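S.K.: Sharing run15.cif here; it has mmCIF, C-alpha atoms (C1' of nucleotides).
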data_model
#
loop_
_atom_site.label_atom_id
_atom_site.label_comp_id
_atom_site.auth_asym_id
_atom_site.auth_seq_id
_atom_site.Cartn_x
_atom_site.Cartn_y
_atom_site.Cartn_z
CA MET A 1 -15.20 -26.69 0.87
CA THR A 2 -18.10 -24.31 0.74
CA SER A 3 -18.66 -21.98 -2.17
CA VAL A 4 -18.05 -19.03 0.08
CA HIS A 5 -14.51 -19.94 0.99
CA ALA A 6 -13.48 -21.66 -2.18
CA THR A 7 -11.75 -18.97 -4.17
CA LEU A 8 -9.68 -17.00 -1.71
CA GLN A 9 -6.89 -15.42 -3.70
CA ARG A 10 -3.31 -15.73 -2.53
CA PRO A 11 -1.90 -12.71 -0.76
CA GLU A 12 0.99 -12.36 -3.18
CA ASN A 13 -1.47 -11.70 -5.98
CA THR A 14 -3.81 -9.41 -4.11
CA ALA A 15 -1.33 -7.31 -2.15
CA PRO A 16 -0.12 -5.34 -5.18
CA ILE A 17 -3.65 -4.13 -5.81
CA PHE A 18 -3.97 -2.86 -2.26
CA ALA A 19 -0.50 -1.38 -2.41
CA ALA A 20 -1.49 0.59 -5.50
CA LEU A 21 -4.60 1.85 -3.72
CA GLY A 22 -2.55 2.68 -0.65
CA ASP A 23 -1.44 6.12 -1.73
CA PRO A 24 -3.82 9.08 -1.14
CA TRP A 25 -3.21 10.54 -4.57
CA ARG A 26 -3.58 7.32 -6.40
CA LEU A 27 -6.75 6.62 -4.51
CA SER A 28 -8.10 10.04 -5.39
CA ILE A 29 -7.20 9.40 -9.01
CA VAL A 30 -9.16 6.16 -8.90
CA GLU A 31 -12.02 8.03 -7.33
CA ARG A 32 -12.02 10.75 -9.98
CA LEU A 33 -11.81 8.21 -12.76
CA GLY A 34 -14.82 6.51 -11.25
CA GLU A 35 -16.84 9.71 -11.19
CA ASP A 36 -15.73 11.50 -14.36
CA GLY A 37 -15.01 8.60 -16.62
CA PRO A 38 -11.96 8.42 -18.86
CA LEU A 39 -9.78 11.49 -18.37
CA PRO A 40 -6.57 12.68 -20.01
CA THR A 41 -3.44 12.91 -17.90
CA SER A 42 -3.51 16.68 -18.11
CA ARG A 43 -6.87 16.93 -16.37
CA LEU A 44 -5.77 14.61 -13.61
CA ASN A 45 -2.96 16.88 -12.62
CA GLY A 46 -3.89 20.57 -12.91
CA PRO A 47 -2.63 23.34 -10.65
CA GLY A 48 -3.38 23.14 -6.98
CA SER A 49 -2.90 19.41 -7.07
CA GLY A 50 0.56 20.02 -5.69
CA VAL A 51 2.28 17.48 -7.87
CA THR A 52 4.01 17.65 -11.19
CA ARG A 53 2.63 16.08 -14.31
CA GLN A 54 5.36 13.46 -14.17
CA GLY A 55 4.41 12.76 -10.62
CA ILE A 56 0.88 11.96 -11.71
CA THR A 57 2.22 9.95 -14.61
CA LYS A 58 4.25 7.81 -12.26
CA HIS A 59 1.22 7.18 -10.11
CA LEU A 60 -0.79 6.28 -13.19
CA ARG A 61 1.86 3.80 -14.20
CA VAL A 62 1.68 2.17 -10.80
CA LEU A 63 -2.07 1.91 -11.09
CA GLU A 64 -1.72 0.51 -14.58
CA GLN A 65 0.83 -2.02 -13.39
CA ALA A 66 -1.66 -3.16 -10.78
CA GLY A 67 -4.29 -3.51 -13.47
CA LEU A 68 -6.48 -0.84 -11.93
CA VAL A 69 -6.49 1.49 -14.93
CA GLU A 70 -5.86 1.27 -18.62
CA SER A 71 -5.10 3.96 -21.16
CA PHE A 72 -5.68 4.85 -24.79
CA ARG A 73 -4.43 7.72 -26.86
CA VAL A 74 -6.53 10.29 -28.66
CA GLY A 75 -4.45 12.78 -30.55
CA ARG A 76 -1.91 14.12 -28.13
CA ASP A 77 -3.93 13.16 -25.09
CA ARG A 78 -3.64 9.90 -23.23
CA PHE A 79 -6.90 8.98 -21.60
CA TRP A 80 -7.19 6.81 -18.51
CA ARG A 81 -10.06 4.55 -17.71
CA LEU A 82 -10.89 2.60 -14.58
CA ARG A 83 -10.78 -1.20 -14.66
CA VAL A 84 -13.49 -2.22 -12.26
CA GLU A 85 -12.60 -5.91 -12.47
CA GLN A 86 -9.57 -5.36 -10.29
CA LEU A 87 -11.55 -3.37 -7.79
CA VAL A 88 -13.98 -6.27 -7.63
CA ILE A 89 -11.17 -8.74 -6.99
CA ALA A 90 -9.95 -6.64 -4.07
CA ARG A 91 -13.47 -6.23 -2.75
CA ARG A 92 -14.12 -9.93 -2.95
CA TYR A 93 -10.93 -10.68 -1.08
CA LEU A 94 -11.96 -8.42 1.78
CA ASP A 95 -15.38 -10.00 1.73
CA GLN A 96 -13.95 -13.46 2.15
CA VAL A 97 -11.56 -12.61 4.93
CA SER A 98 -14.37 -10.89 6.81
CA ALA A 99 -16.64 -13.87 6.22
CA GLU A 100 -14.04 -16.31 7.54
CA TRP A 101 -13.64 -14.29 10.68
CA GLU A 102 -17.38 -13.97 11.24
CA ASP A 103 -17.70 -17.72 10.78
CA ARG A 104 -14.91 -18.35 13.20
CA LEU A 105 -16.44 -16.02 15.74
CA ALA A 106 -19.72 -17.87 15.51
CA ARG A 107 -17.99 -21.22 15.92
CA LEU A 108 -16.02 -20.01 18.91
CA LYS A 109 -19.15 -18.62 20.46
CA SER A 110 -21.14 -21.83 20.05
CA LEU A 111 -18.17 -23.68 21.49
CA VAL A 112 -18.23 -21.58 24.61
CA GLU A 113 -21.99 -21.61 24.96
CA GLY A 114 -22.04 -25.37 24.38
CA MET B 115 -27.76 12.74 -3.28
CA THR B 116 -28.73 9.10 -3.28
CA SER B 117 -28.08 6.82 -0.34
CA VAL B 118 -25.63 4.82 -2.42
CA HIS B 119 -23.25 7.68 -3.04
CA ALA B 120 -23.74 9.58 0.17
CA THR B 121 -20.97 8.36 2.41
CA LEU B 122 -17.91 8.05 0.22
CA GLN B 123 -14.93 8.35 2.53
CA ARG B 124 -12.14 10.77 1.73
CA PRO B 125 -9.06 9.20 0.18
CA GLU B 126 -6.75 10.54 2.91
CA ASN B 127 -8.63 8.45 5.46
CA THR B 128 -8.98 5.29 3.43
CA ALA B 129 -5.58 5.13 1.80
CA PRO B 130 -3.75 4.13 5.01
CA ILE B 131 -5.94 1.06 5.31
CA PHE B 132 -5.11 -0.05 1.80
CA ALA B 133 -1.46 0.79 2.34
CA ALA B 134 -1.43 -1.48 5.37
CA LEU B 135 -3.00 -4.26 3.33
CA GLY B 136 -0.57 -3.64 0.50
CA ASP B 137 2.23 -5.82 1.81
CA PRO B 138 2.09 -9.58 1.10
CA TRP B 139 3.10 -10.52 4.62
CA ARG B 140 0.74 -8.18 6.30
CA LEU B 141 -2.03 -9.42 4.06
CA SER B 142 -1.20 -13.01 4.91
CA ILE B 143 -1.21 -12.08 8.59
CA VAL B 144 -4.67 -10.60 8.18
CA GLU B 145 -5.71 -13.76 6.39
CA ARG B 146 -4.37 -16.03 9.12
CA LEU B 147 -5.97 -13.95 11.82
CA GLY B 148 -9.23 -14.27 9.96
CA GLU B 149 -8.97 -18.05 9.82
CA ASP B 150 -7.34 -18.94 13.12
CA GLY B 151 -8.69 -16.24 15.35
CA PRO B 152 -6.55 -14.39 17.88
CA LEU B 153 -2.96 -15.60 17.70
CA PRO B 154 0.16 -14.72 19.67
CA THR B 155 3.03 -13.02 17.89
CA SER B 156 5.15 -16.12 18.22
CA ARG B 157 2.75 -18.23 16.18
CA LEU B 158 2.54 -15.62 13.46
CA ASN B 159 6.22 -15.82 12.79
CA GLY B 160 7.60 -19.34 13.13
CA PRO B 161 10.49 -20.79 11.13
CA GLY B 162 10.14 -20.97 7.40
CA SER B 163 8.34 -17.67 7.39
CA GLY B 164 11.62 -16.10 6.40
CA VAL B 165 11.28 -13.08 8.62
CA THR B 166 12.45 -12.30 12.11
CA ARG B 167 10.10 -11.92 15.03
CA GLN B 168 10.79 -8.20 15.05
CA GLY B 169 9.96 -8.10 11.39
CA ILE B 170 6.56 -9.53 12.12
CA THR B 171 6.17 -7.21 15.09
CA LYS B 172 6.77 -4.20 12.88
CA HIS B 173 4.16 -5.40 10.43
CA LEU B 174 1.72 -5.93 13.26
CA ARG B 175 2.32 -2.40 14.46
CA VAL B 176 1.55 -1.08 11.00
CA LEU B 177 -1.66 -3.08 10.92
CA GLU B 178 -2.55 -1.84 14.37
CA GLN B 179 -1.84 1.74 13.37
CA ALA B 180 -4.26 1.29 10.49
CA GLY B 181 -6.86 -0.06 12.88
CA LEU B 182 -6.90 -3.46 11.23
CA VAL B 183 -5.83 -5.45 14.28
CA GLU B 184 -5.82 -5.03 18.01
CA SER B 185 -3.88 -6.84 20.71
CA PHE B 186 -4.15 -8.00 24.28
CA ARG B 187 -1.66 -9.66 26.56
CA VAL B 188 -2.01 -13.03 28.21
CA GLY B 189 0.95 -13.91 30.38
CA ARG B 190 4.01 -13.43 28.25
CA ASP B 191 2.10 -13.73 25.00
CA ARG B 192 0.61 -10.87 23.07
CA PHE B 193 -2.42 -11.98 21.12
CA TRP B 194 -3.62 -10.30 17.96
CA ARG B 195 -7.19 -10.11 16.79
CA LEU B 196 -8.69 -8.92 13.53
CA ARG B 197 -10.84 -5.78 13.49
CA VAL B 198 -13.39 -6.47 10.82
CA GLU B 199 -14.85 -2.98 11.00
CA GLN B 200 -11.88 -1.57 9.15
CA LEU B 201 -12.05 -4.27 6.52
CA VAL B 202 -15.67 -3.34 6.02
CA ILE B 203 -14.81 0.32 5.59
CA ALA B 204 -12.31 -0.57 2.89
CA ARG B 205 -14.75 -2.91 1.22
CA ARG B 206 -17.48 -0.29 1.24
CA TYR B 207 -15.16 2.23 -0.31
CA LEU B 208 -14.39 -0.09 -3.20
CA ASP B 209 -18.08 -0.82 -3.54
CA GLN B 210 -18.90 2.82 -3.91
CA VAL B 211 -16.22 3.62 -6.43
CA SER B 212 -17.29 0.64 -8.50
CA ALA B 213 -20.91 1.70 -8.26
CA GLU B 214 -20.13 5.25 -9.37
CA TRP B 215 -18.31 3.96 -12.38
CA GLU B 216 -21.06 1.53 -13.32
CA ASP B 217 -23.58 4.35 -13.01
CA ARG B 218 -21.48 6.59 -15.17
CA LEU B 219 -21.07 3.87 -17.77
CA ALA B 220 -24.82 3.43 -17.93
CA ARG B 221 -25.35 7.17 -18.28
CA LEU B 222 -22.75 7.43 -21.02
CA LYS B 223 -24.31 4.53 -22.83
CA SER B 224 -27.82 5.94 -22.72
CA LEU B 225 -26.40 9.23 -23.94
CA VAL B 226 -24.91 7.56 -26.97
CA GLU B 227 -27.89 5.38 -27.72
CA GLY B 228 -30.22 8.35 -27.35
"C1'" DG C 229 4.83 27.81 -40.88
"C1'" DT C 230 4.96 28.79 -36.16
"C1'" DC C 231 3.68 28.34 -31.58
"C1'" DA C 232 1.77 26.01 -27.78
"C1'" DT C 233 0.19 21.67 -25.49
"C1'" DG C 234 0.42 17.20 -23.84
"C1'" DC C 235 3.48 13.41 -23.33
"C1'" DG C 236 7.54 10.16 -22.90
"C1'" DC C 237 12.09 9.35 -21.30
"C1'" DA C 238 16.02 9.71 -18.30
"C1'" DA C 239 18.79 11.32 -14.53
"C1'" DC C 240 18.75 12.68 -10.11
"C1'" DC C 241 17.60 13.43 -5.08
"C1'" DT C 242 15.74 12.28 -0.51
"C1'" DC C 243 13.55 9.80 2.85
"C1'" DC C 244 11.35 6.09 4.96
"C1'" DA C 245 9.52 1.22 4.77
"C1'" DG C 246 11.16 -3.17 5.61
"C1'" DG C 247 14.44 -5.82 7.47
"C1'" DT C 248 18.24 -6.99 10.68
"C1'" DT C 249 21.06 -7.53 15.25
"C1'" DG C 250 21.72 -6.91 20.11
"C1'" DC C 251 20.25 -6.47 24.64
"C1'" DG C 252 17.11 -6.09 28.62
"C1'" DT C 253 12.78 -7.64 30.92
"C1'" DC C 254 9.17 -10.29 32.56
"C1'" DA C 255 6.75 -14.69 32.92
"C1'" DT C 256 6.90 -19.74 32.90
"C1'" DT C 257 8.78 -24.21 33.52
"C1'" DT C 258 11.38 -27.54 35.94
"C1'" DA D 259 16.81 -20.46 41.65
"C1'" DA D 260 18.11 -21.35 36.98
"C1'" DA D 261 16.97 -21.76 32.47
"C1'" DT D 262 13.94 -20.92 28.74
"C1'" DG D 263 10.54 -18.56 26.03
"C1'" DA D 264 7.97 -14.42 24.31
"C1'" DC D 265 8.39 -9.65 24.12
"C1'" DG D 266 9.83 -4.52 23.90
"C1'" DC D 267 13.13 -1.15 22.67
"C1'" DA D 268 16.80 0.99 20.08
"C1'" DA D 269 20.32 1.41 16.65
"C1'" DC D 270 21.46 0.37 12.27
"C1'" DC D 271 21.49 -0.72 7.19
"C1'" DT D 272 19.66 -0.60 2.41
"C1'" DG D 273 16.60 -0.33 -1.65
"C1'" DG D 274 13.14 1.56 -3.77
"C1'" DA D 275 8.94 4.77 -3.61
"C1'" DG D 276 7.74 9.33 -4.51
"C1'" DG D 277 9.06 13.47 -6.11
"C1'" DT D 278 11.67 16.76 -9.11
"C1'" DT D 279 14.04 18.97 -13.34
"C1'" DG D 280 15.37 19.00 -18.09
"C1'" DC D 281 14.94 17.84 -22.77
"C1'" DG D 282 12.90 15.98 -27.04
"C1'" DC D 283 8.93 14.80 -29.88
"C1'" DA D 284 4.36 14.72 -31.84
"C1'" DT D 285 0.02 16.71 -32.45
"C1'" DG D 286 -3.25 20.42 -32.56
"C1'" DA D 287 -4.22 25.41 -32.74
"C1'" DC D 288 -3.66 29.94 -35.16
#
Take the structure in this file and express it as C-alpha cells.
M.R.:
Amino acid sequence: MTSVHATLQRPENTAPIFAALGDPWRLSIVERLGEDGPLPTSRLNGPGSGVTRQGITKHLRVLEQAGLVESFRVGRDRFWRLRVEQLVIARRYLDQVSAEWEDRLARLKSLVEG
Amino acid sequence: MTSVHATLQRPENTAPIFAALGDPWRLSIVERLGEDGPLPTSRLNGPGSGVTRQGITKHLRVLEQAGLVESFRVGRDRFWRLRVEQLVIARRYLDQVSAEWEDRLARLKSLVEG
DNA sequence: GTCATGCGCAACCTCCAGGTTGCGTCATTT
DNA sequence: AAATGACGCAACCTGGAGGTTGCGCATGAC
C-alpha cells in the first residue's frame, strides 16, 4: 500500500460533491465566490442572471449540503463563503484515479514490451 | 493576467463533467476503470451490483457523452476505457478556483493587517 | 413611523434522470 | 445447427431536481 493510493475516498462520499458542482449555475456561483470572496445572496442573483432569488437560494442550499459553501448573517444579508477543503477533497480524488490509471498503463505497457 | 489564472474554463463547459461524476455508480465505474483498465460492459455490472445491465449501459453513455470514457468492440464485448484528459480538465478547474480563493484570502488579510 | 430590502418558508408545477422490462441481433461455444 | 452470452434499441414508469409564485418577517434606510 503506497502512500499515493492509500486514501482513496469511497464514491458514495465523493459523488455528492461532484453532483453539487454539476450544475452550471452552481459552478458559476462557486467560481464567483472564489473570485469575489464572501457575497450576500442578493449579489449572487441580480437581474440578467435569469433565475429568481429563491432559485439561487436553492442552489446555495445544495452547495451548503455538499459542504462546498457556508454562510453567516450580517444584518439582513446572508453572506456565503467558499469552503476550499471540499474542493481539495474532490481534486484529490480525481488526482488519485488519474494516478491509478497512469500506473496501470505503465504496468500494461511494460508487460507488453517485456 | 498571470499564468495561473489565465485558462479558467467556463462553467457551462465544465459542469457536465462534474455532473457525470456526480452519481455514485458512475463514479465507482470511473474508479474501477482506473484500477482495472479497459473492461467490458458485462464485467462492470455483475450480480450484487443491484442494477441491470441496461442501467449500467445508460450510465456508461452518460460518461461517454461527458468525454470521460470511450469504448471499442472486441467480438461481442464492448470494452470501456478511461479518458484521463477529461479528469485532468476537471482537476485543473478545481485547482484554479481554489487558487483564486487562496489568493483573495491573502489579499484580504494583508489589507486588514495593513 | 414608514417604506423598502433581503430573506425564509411553503406550495406548486414540469420535466428528465435513473431505473426497469421486453425483444431482436450478432458472435461464440459445443 | 442449436444454445448461450453480450449487446442495442425502444417503451415505459416514477421520484426528485430545478424552477416558480406568494406571503410573512426582520432589519436598515429615510
S.K.: Translate the PyMOL selection byres ((chain C and resi 240) around 12) into a concrete residue list for this structure, as a list of chain:residue names.
M.R.: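 What the PyMOL selection byres ((chain C and resi 240) around 12) grabs from the file is C:DA238, C:DA239, C:DC241, C:DT242, D:DG277, D:DT278, D:DT279, D:DG280.
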S.K.: How would you write as JSON, numbers by chain the residues that get within 12 Å of (-9.1, 5.2, -21.0) in the file's frame, counting only C-alpha atoms (C1' of nucleotides)?
M.R.: {"A": [33, 34, 36, 37, 38, 39, 40, 41, 60, 64, 68, 69, 70, 71, 72, 73, 74, 77, 78, 79, 80, 81, 82, 83]}
S.K.: Expressed in Å to a single decimal, how great is the separation between CA of Ser49 (chain A) and CA of Asn127 (chain B)?
M.R.: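 Between CA of Ser49 (chain A) and CA of Asn127 (chain B) the gap is 17.6 Å.
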S.K.: I'd like the interatomic distance between CA of Gly228 (chain B) and CA of Glu216 (chain B), to a tenth of an Å.
M.R.: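 Straight-line distance from CA of Gly228 (chain B) to CA of Glu216 (chain B) works out to 18.1 Å.
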S.K.: Would you list which chain A residues are within 8 Å of chain B using only C-alpha atoms, as a PyMOL selection string?
M.R.: chain A and resi 11-12+14-25+27-28+30-31+33-37+82+84+87-88+90-91+94-95+97-98+100-101+104-105
S.K.: Sort by chain and increasing residue number a table of all residues of chain C within 12 Å of chain B, each with its closest pair of atoms and their distance in Å to one decimal, counting all atoms listed in the file, and write it as JSON lines.
M.R.:
{"residue": "C:DA245", "atom": "C1'", "partner": "B:Lys172", "partner_atom": "CA", "distance": 10.1}
{"residue": "C:DG246", "atom": "C1'", "partner": "B:Gly169", "partner_atom": "CA", "distance": 7.7}
{"residue": "C:DG247", "atom": "C1'", "partner": "B:Gly169", "partner_atom": "CA", "distance": 6.4}
{"residue": "C:DT248", "atom": "C1'", "partner": "B:Thr166", "partner_atom": "CA", "distance": 8.0}
{"residue": "C:DT249", "atom": "C1'", "partner": "B:Gln168", "partner_atom": "CA", "distance": 10.3}
{"residue": "C:DT253", "atom": "C1'", "partner": "B:Arg190", "partner_atom": "CA", "distance": 10.8}
{"residue": "C:DC254", "atom": "C1'", "partner": "B:Arg190", "partner_atom": "CA", "distance": 7.4}
{"residue": "C:DA255", "atom": "C1'", "partner": "B:Arg190", "partner_atom": "CA", "distance": 5.6}
{"residue": "C:DT256", "atom": "C1'", "partner": "B:Arg190", "partner_atom": "CA", "distance": 8.4}
S.K.: Which residues of chain D sit at most 10 Å from chain B, using all atoms listed in the file? Give each one's shortest atom pair and distance in Å (one decimal place), in chain and ascending residue order, as a Markdown table.
M.R.:
| residue | atom | partner | partner_atom | distance |
| --- | --- | --- | --- | --- |
| D:DG263 | C1' | B:Arg190 | CA | 8.6 |
| D:DA264 | C1' | B:Arg190 | CA | 5.7 |
| D:DC265 | C1' | B:Arg190 | CA | 7.1 |
| D:DG266 | C1' | B:Gln168 | CA | 9.6 |
S.K.: To one decimal in Å, tell me the separation between CA of Leu63 (chain A) and CA of Arg43 (chain A).
M.R.: 16.6 Å
S.K.: Residues at most 12 Å from DC244 (chain C), counting all atoms listed in the file, excluding those fewer than 5 positions away in the same chain, as a PyMOL selection string?
M.R.: chain D and resi 272-276
S.K.: Nearest residue to DC251 (chain C) out of D:DC281, D:DC267, D:DA287, D:DA259, using only C-alpha atoms (C1' of nucleotides)?
M.R.: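 The answer is D:DC267, which sits nearest to DC251 (chain C).
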